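One structure is given here, and the rest of the page talks about it.
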Amino acid sequence: MPATLASIHVYPLKSCAPLTLGVARVEARGLEHDRRWMVVDADGKFITGRKHPRLTLIRAAPDAGGTLHLHAPNMPQLHLSPACASSRMDVEVWGSHVAAQTASPAADDWISTFLGIRARFAHMDEACLRTVDPDHSQPGDIVSFADSYPLLAISQAALDQLNSRLTHPVPMLRFRPSIVIAGTQPYAEDGWKRVRIGGIEFDVAKPCIRCLFTTVDFERGEFDPSGEPLRTLLTYRRTPKGVSFGQNLIARGTGTLRVGDMVEVLA
């Protein structure tokens with residue numbers, strides 16, 4: 001059975017609920033609309049579901065005009081767009097500092113109310129450039145507000161094997177992949193160096209090291225009290241750098257991905 005692209009997912013606001021697509025445009029930073037918005041604290045430091053799991057309850061949907069429409073429990077709908085092209089602030093995500101666009105004071109009040117802390121929205125436009133770790137990339141590689149790399153790939157078989165070890169199976173979206181690959185052996189992606197999907201080639205940069213965020217039940221916006229699936233992954237997927245699950249990708253071109261595309265391992 002050949003390997004195929006089983007599903008595509010984006011997270012328009014970092015740490016928000018997943019948005020599942022049938023077709024997605026691949027850009028240098030990652031999938032179109034993926035993590036181009038982020039929540040930061042009063043000092044401009046990034047805020048994620050690791051400390052504020054309620055972020056996963058926000059459903060964000062972009063429209064063709066560039067506005068992001070946000071829905072959250074017990075909150076009015078928010079139509080989010082940059083305040084203006086010239087309004088910027090310094091923000092930090094995992095040690096990277098970039099000049100991001102700001103949102104309106106009313107939008108910042110919305111997210112502050114929802115989280116119960118003073119917070120702001122930050123937007124990554126074309127002028128906001130964040131480079132990828134040079135140890136695992138090429139000069140000029142850029143990334144969105146994703147943790148480290150433009151895309152994350154996970155095989156469906158890897159999740160199936162994990163769930164066979166769990167009392168209560170977890171959904172793939174606990175791991176927040178960009179793309180899910182079907183038709184492989186469990187963890188086949190660990191041995192890949194370069195793949196082609198839908199005519200686009202990708203470098204397989206490095207394994208994705210997992211954290212506490214995998215234990216957030218994004219449908220409830222709360223940590224799973226069992227500590228799963230991280231607790232079980234620690235028993236058989238631990239590496240010197242941490243628990244590995246999935247592989248980070250960097251596209252070597254642009255184009256369109258569609259569910260059902262063939263996945264060809266080139267190296």
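By convention in this document, the chains of the structure tokens carry letters A, B, ... by their order, each chain's residues are numbered from 1, and ligands are numbered from 1 in the order they are shown.
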
Show me, as a VMD selection string, the residues that have an atom within 10 Å of stretch 125-136 of chain A when counting only C-alpha atoms, minus same-chain residues fewer than 6 positions from it. chain A and resid 29 36 to 37 82 85 88 93 96 to 101 142 to 145 147 to 150 203 to 206 248 250

Please produce a file of those selected residues containing C-alpha atoms, as a tab-separated table (two decimals), in the first residue's frame.
chain	number	residue	atom	x	y	z
A	29	ARG	CA	6.90	29.72	6.42
A	36	ARG	CA	0.43	33.71	11.59
A	37	TRP	CA	-1.17	35.02	14.80
A	82	PRO	CA	-3.81	43.99	12.22
A	85	ALA	CA	0.67	48.21	8.71
A	88	ARG	CA	4.49	46.97	15.42
A	93	VAL	CA	8.92	33.10	20.73
A	96	SER	CA	13.49	34.50	18.55
A	97	HIS	CA	12.67	38.22	18.54
A	98	VAL	CA	10.70	39.69	15.64
A	99	ALA	CA	8.78	42.89	14.94
A	100	ALA	CA	5.15	41.74	14.66
A	101	GLN	CA	2.06	43.72	13.77
A	142	ILE	CA	11.90	31.08	7.63
A	143	VAL	CA	9.10	29.90	9.89
A	144	SER	CA	5.79	31.19	11.25
A	145	PHE	CA	5.03	31.44	14.98
A	147	ASP	CA	7.53	26.38	17.80
A	148	SER	CA	10.51	25.73	15.53
A	149	TYR	CA	9.84	24.50	11.98
A	150	PRO	CA	7.39	25.20	9.14
A	203	ASP	CA	13.62	18.19	3.89
A	204	VAL	CA	13.02	16.18	7.05
A	205	ALA	CA	14.84	18.50	9.44
A	206	LYS	CA	14.73	16.77	12.84
A	248	ASN	CA	9.71	18.51	11.39
A	250	ILE	CA	10.99	22.32	5.62

Set the distance at 7 Å and use only C-alpha atoms: which residues neighbour stretch 180-193 of chain A once local chain neighbours fewer than 4 positions away are removed? I'd like the list as a compact mmCIF listing (two decimals) with C-alpha atoms, in the first residue's frame.
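Result file around-v3.txt:
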# COMPACT_ATOMS: atom_id res chain seq x y z
CA MET A 1 0.00 0.00 0.00
CA PRO A 2 1.56 3.35 -1.01
CA ALA A 3 1.92 6.13 1.52
CA THR A 4 -0.58 8.96 1.12
CA LEU A 5 -1.45 12.28 2.68
CA ALA A 6 -4.31 11.42 5.05
CA SER A 7 -5.13 14.83 6.55
CA ILE A 8 -4.03 18.47 6.68
CA ALA A 153 4.46 15.29 9.86
CA ILE A 154 3.26 12.25 11.81
CA SER A 155 2.36 8.80 10.51
CA GLN A 156 -1.07 7.46 11.37
CA ALA A 157 0.59 4.16 12.25
CA ALA A 158 2.63 5.88 14.97
CA GLN A 161 0.70 1.99 17.97
CA ASP A 203 13.62 18.19 3.89
CA VAL A 204 13.02 16.18 7.05
CA GLN A 247 9.23 14.84 12.25
CA VAL A 265 10.37 8.92 0.14
CA ALA A 267 16.09 9.64 0.83

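Each of A:Pro12, A:Val26, A:Thr232, A:Lys51 was checked against A:Asp63 using only C-alpha atoms; the smallest atom-to-atom distance is that of A:Pro12.
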
Would you list, as a ChimeraX atom specification, the residues of stretch 18-254 of chain A that end up in alpha helix (DSSP H) under DSSP run on this structure's backbone? /A:105-115,156-165,230-236

Using DSSP assignments from the backbone, pull out every residue in stretch 74-225 of chain A that falls under strand (DSSP E or B) and give it to me as number ranges by chain. A: 78-80, 88-93, 96-102, 119-123, 131, 142, 151-155, 179-182, 194-197, 200-209, 216-217, 222-223

Can you spit out the residues from that selection as a short mmCIF file (atom, residue, chain, number, x, y, z; two decimals), in the first residue's frame, using N, CA and C atoms?
data_model
loop_
_atom_site.label_atom_id
_atom_site.label_comp_id
_atom_site.auth_asym_id
_atom_site.auth_seq_id
_atom_site.Cartn_x
_atom_site.Cartn_y
_atom_site.Cartn_z
N LEU A 78 -15.02 37.61 17.59
CA LEU A 78 -14.03 38.66 17.33
C LEU A 78 -13.53 38.54 15.90
N HIS A 79 -13.56 39.66 15.19
CA HIS A 79 -13.02 39.72 13.84
C HIS A 79 -11.65 40.38 13.95
N LEU A 80 -10.61 39.56 13.84
CA LEU A 80 -9.25 39.99 14.17
C LEU A 80 -8.47 40.34 12.91
N ARG A 88 3.73 48.18 15.14
CA ARG A 88 4.49 46.97 15.42
C ARG A 88 4.99 46.94 16.86
N MET A 89 5.31 45.73 17.31
CA MET A 89 5.91 45.57 18.63
C MET A 89 6.90 44.41 18.56
N ASP A 90 7.87 44.45 19.44
CA ASP A 90 8.84 43.36 19.54
C ASP A 90 8.21 42.21 20.31
N VAL A 91 8.22 41.02 19.69
CA VAL A 91 7.69 39.84 20.38
C VAL A 91 8.75 38.75 20.38
N GLU A 92 8.61 37.83 21.34
CA GLU A 92 9.60 36.76 21.48
C GLU A 92 8.90 35.42 21.52
N VAL A 93 9.41 34.47 20.72
CA VAL A 93 8.92 33.10 20.73
C VAL A 93 10.12 32.17 20.71
N SER A 96 13.46 33.70 19.77
CA SER A 96 13.49 34.50 18.55
C SER A 96 12.71 35.80 18.78
N HIS A 97 13.33 36.91 18.42
CA HIS A 97 12.67 38.22 18.54
C HIS A 97 12.37 38.75 17.15
N VAL A 98 11.11 39.14 16.93
CA VAL A 98 10.70 39.69 15.64
C VAL A 98 9.79 40.88 15.89
N ALA A 99 9.68 41.74 14.87
CA ALA A 99 8.78 42.89 14.94
C ALA A 99 7.45 42.49 14.30
N ALA A 100 6.46 42.20 15.13
CA ALA A 100 5.15 41.74 14.66
C ALA A 100 4.16 42.90 14.63
N GLN A 101 3.14 42.74 13.80
CA GLN A 101 2.06 43.72 13.77
C GLN A 101 1.18 43.57 15.01
N THR A 102 0.61 44.66 15.45
CA THR A 102 -0.29 44.66 16.60
C THR A 102 -1.74 44.56 16.14
N ALA A 119 -3.01 40.43 28.07
CA ALA A 119 -2.43 39.78 26.90
C ALA A 119 -2.70 40.61 25.65
N ARG A 120 -1.95 40.31 24.58
CA ARG A 120 -2.10 41.02 23.31
C ARG A 120 -2.02 40.02 22.17
N PHE A 121 -2.53 40.43 21.02
CA PHE A 121 -2.37 39.66 19.80
C PHE A 121 -1.20 40.20 19.00
N ALA A 122 -0.45 39.28 18.37
CA ALA A 122 0.65 39.65 17.48
C ALA A 122 0.43 38.96 16.14
N HIS A 123 0.70 39.67 15.05
CA HIS A 123 0.48 39.14 13.70
C HIS A 123 1.78 39.12 12.91
N THR A 131 13.72 33.40 11.39
CA THR A 131 14.54 32.37 10.75
C THR A 131 14.48 31.06 11.51
N ILE A 142 12.69 30.33 6.66
CA ILE A 142 11.90 31.08 7.63
C ILE A 142 10.75 30.22 8.14
N LEU A 151 6.62 22.87 9.15
CA LEU A 151 5.58 21.83 9.15
C LEU A 151 5.98 20.69 10.06
N LEU A 152 4.97 19.94 10.50
CA LEU A 152 5.18 18.75 11.32
C LEU A 152 4.41 17.60 10.70
N ALA A 153 5.09 16.49 10.44
CA ALA A 153 4.46 15.29 9.86
C ALA A 153 4.47 14.15 10.87
N ILE A 154 3.37 13.42 10.94
CA ILE A 154 3.26 12.25 11.81
C ILE A 154 2.57 11.14 11.02
N SER A 155 3.03 9.92 11.16
CA SER A 155 2.36 8.80 10.51
C SER A 155 1.18 8.35 11.35
N ILE A 179 0.56 17.72 8.82
CA ILE A 179 0.10 16.68 7.91
C ILE A 179 0.22 15.33 8.58
N VAL A 180 -0.72 14.43 8.22
CA VAL A 180 -0.71 13.07 8.72
C VAL A 180 -0.56 12.14 7.52
N ILE A 181 0.33 11.17 7.65
CA ILE A 181 0.66 10.26 6.56
C ILE A 181 0.09 8.88 6.85
N ALA A 182 -0.64 8.30 5.90
CA ALA A 182 -1.19 6.95 6.03
C ALA A 182 -0.41 6.00 5.14
N ARG A 194 14.27 13.04 3.09
CA ARG A 194 13.68 13.91 2.09
C ARG A 194 12.46 13.19 1.49
N VAL A 195 11.35 13.92 1.34
CA VAL A 195 10.13 13.33 0.79
C VAL A 195 9.52 14.28 -0.24
N ARG A 196 8.67 13.69 -1.09
CA ARG A 196 7.91 14.49 -2.05
C ARG A 196 6.43 14.22 -1.83
N ILE A 197 5.66 15.28 -1.67
CA ILE A 197 4.22 15.17 -1.47
C ILE A 197 3.54 16.15 -2.42
N ILE A 200 5.72 18.58 -4.26
CA ILE A 200 6.58 19.47 -3.47
C ILE A 200 7.56 18.63 -2.67
N GLU A 201 8.83 18.99 -2.71
CA GLU A 201 9.84 18.28 -1.94
C GLU A 201 10.04 18.94 -0.58
N PHE A 202 10.29 18.11 0.42
CA PHE A 202 10.50 18.58 1.78
C PHE A 202 11.75 17.94 2.35
N ASP A 203 12.55 18.74 3.06
CA ASP A 203 13.62 18.19 3.89
C ASP A 203 13.01 17.77 5.21
N VAL A 204 13.42 16.62 5.71
CA VAL A 204 13.02 16.18 7.05
C VAL A 204 14.10 16.69 7.99
N ALA A 205 13.81 17.76 8.72
CA ALA A 205 14.84 18.50 9.44
C ALA A 205 15.31 17.80 10.71
N LYS A 206 14.37 17.40 11.57
CA LYS A 206 14.73 16.77 12.84
C LYS A 206 13.47 16.25 13.52
N PRO A 207 13.64 15.34 14.49
CA PRO A 207 12.47 14.85 15.23
C PRO A 207 11.82 15.97 16.04
N CYS A 208 10.52 15.82 16.26
CA CYS A 208 9.80 16.76 17.11
C CYS A 208 9.82 16.24 18.55
N ILE A 209 10.37 17.04 19.44
CA ILE A 209 10.46 16.67 20.85
C ILE A 209 9.21 17.18 21.56
N VAL A 216 -2.85 18.21 26.94
CA VAL A 216 -4.01 19.10 26.97
C VAL A 216 -5.13 18.52 26.13
N ASP A 217 -6.28 18.32 26.74
CA ASP A 217 -7.49 17.91 26.02
C ASP A 217 -8.06 19.18 25.39
N GLU A 222 -8.38 21.73 29.02
CA GLU A 222 -7.83 21.36 30.32
C GLU A 222 -6.77 20.28 30.15
N PHE A 223 -5.88 20.21 31.12
CA PHE A 223 -4.90 19.13 31.13
C PHE A 223 -5.58 17.81 31.45
#

Between atom CA of A:Pro171 and atom CA of A:Leu21, distance in Å (one decimal): 16.4 Å

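Residue nearest A:Leu162 within the list A:Ser87, A:Thr235, A:Thr56, A:Thr20: A:Thr235 [criterion: smallest interatomic distance, only C-alpha atoms].
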
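Going from atom CA of A:Val259 over to atom CA of A:His9, you cover 10.6 Å.
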